[in-house]
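Heads up: the structure comes next, in structure tokens.
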Amino acid sequence: MMKKLGFYRVTMGCDPEFFFAVKGKTIGAEKILPKEGLEYKPGTTTGKAGDGRHTVRGEKNSKVIIDGIQAELNPRANTCRANLGNEISACFREVYKKLEDHPGVTAEFAQTVQITKEEMKSLDDSSKKFGCTPSKNAYTAKNNVKIKDASRYFKRSAGGHIHLGHDDQAHVKKTLENTKDLVPMLDIIVGNTCVLLDKDPGNIERRKNYGRAGEFRTPPHGLEYRTLSNFWLQSYQLMSLATGLARLAVNIVANSTPENDYVKAIRSKVNMRKIRKAINSNDYDLAYANFKAIEPILIEIIHDNDTEDYPITSKSIEAFHHFVEKGMNYWFTENPLEHWCKIPEGHGTGWEKFLMTTVQKDLDQSKKLQAK
């Protein structure tokens with residue numbers, strides 16, 4: 001019997017991408033955004049930042065920038081997911097205001113899009129290039145990008161990378177530097193689990209170039225996990241889940257000791273080749289089998305009262321399976337831009353609250369119907 005998992009603060013940030021389109025046809029972000037990007041000038045988060053538990057990393061304001069053909073959010077990182085969500089919401093409100101000057105242009109959140117030759121030809125050379133430099137990979141030294149001339153490749157994908165920082169905590173900093181253990185754990189806890197939610201077949205195309213299992217970078221603030229698509233931009237609750245899973249993975253590694261080796265216990269239940277295959281081929285059935293293999297350990301080591309720290313507990317696991325079974329499009333039908341622009345405040349409306357209210361209520365109703 002292992003001890004319950006402790007908790008270390010982790011700063012969480014992200015740089016998710018999306019597209020602009022006219023009548024369903026993707027256009028370059030350069031045609032909507034200024035070269036310097038859109039800046040959320042107040043640069044503050046709403047809520048509990050500064051209470052000793054939640055902190056903001058960096059002094060720069062949140063921005064929306066041009067990243068090749070895509071637009072990219074650069075919200076300020078925070079140790080509180082709600083505050084991070086508030087920054088993302090503020091960024092999207094800037095986008096919404098900008099689109100008022102461009103009638104007929106919409107923000108689109110597809111994972112993969114097709115660019116017309118005419119549109120590609122009309123763009124600046126800087127926009128024709130891939131916005132991302134190659135990643136490191138925990139399993140191979142090979143560069144996965146096979147496209148040599150991006151201007152002749154007419155598909156573009158939107159990533160949803162998660163940035164993790166140490167908040168000046170020495171032990172968390174050391175954990176983030178331990179990529180040998182941390183990146184595979186991120187694949188097990190985050191990448192594999194998100195396959196259950198993000199069923200878009202475009203992921204297979206995206207991962208021919210970017211976003212394969214084990215992809216990461218090591219920026220000055222810590223670690224960037226580069227496997228996820230932008231699927232979690234569909235709602236604040238999905239963002240809360242994705243970053244919550246990432247924080248859980250960091251804490252599993254950070255809290256592991258010879259006496260309570262959480263990493264060893266979890267790794268013993270899965271085959272990393274199957275984890276990688278589930279992610280790279282977007283194999284839902286294999287990902288579910290992988291998740292079920294580690295589920296008993298997660299339930300054992302996470303406190304039932306850790307509903308503000310970790311996204312899955314024994315109290316919520318049944319609702320989680322119900323959420324997965326229905327699929328995220330069942331739960332989130334609102335236009336993402338409108339959703340982000342109107343959320344009043346992140347606190348009290350995140351993943352755990354959503355799971356234990358909306359999803360649990362739907363599950364209870366389903367049980368009643370089945371009992372009749």
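Labels for the structure tokens follow display order: chains A, B, ..., residues from 1 in each chain, ligands from 1.
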Using DSSP assignments from the backbone, pull out every residue in segment 216-270 of chain A that falls under strand (DSSP E) and give it to me as a list of chain:residue names.
A:Phe216, A:Arg217, A:Gly222, A:Leu223, A:Glu224, A:Tyr225
Can I get the selection written as a PDB file, in the first residue's frame, with C-alpha atoms?
```pdb
ATOM      1  CA  PHE A 216       9.283  18.038 -25.569  1.00  0.00           C
ATOM      2  CA  ARG A 217      11.497  21.076 -25.279  1.00  0.00           C
ATOM      3  CA  GLY A 222      11.146  24.270 -17.243  1.00  0.00           C
ATOM      4  CA  LEU A 223       9.616  21.849 -19.738  1.00  0.00           C
ATOM      5  CA  GLU A 224       7.269  22.104 -22.729  1.00  0.00           C
ATOM      6  CA  TYR A 225       5.199  19.003 -23.468  1.00  0.00           C
TER       7      TYR A 225
END
```
What lies within 9 Å of segment 261-277 of chain A using only C-alpha atoms, ignoring chain neighbours under 5 positions off, as number ranges by chain?
A: 2, 5, 181-182, 184-185, 187-188, 191-192, 212-214, 252-253, 255-256, 282-283, 286-287, 290-291, 293-294, 297-298, 301
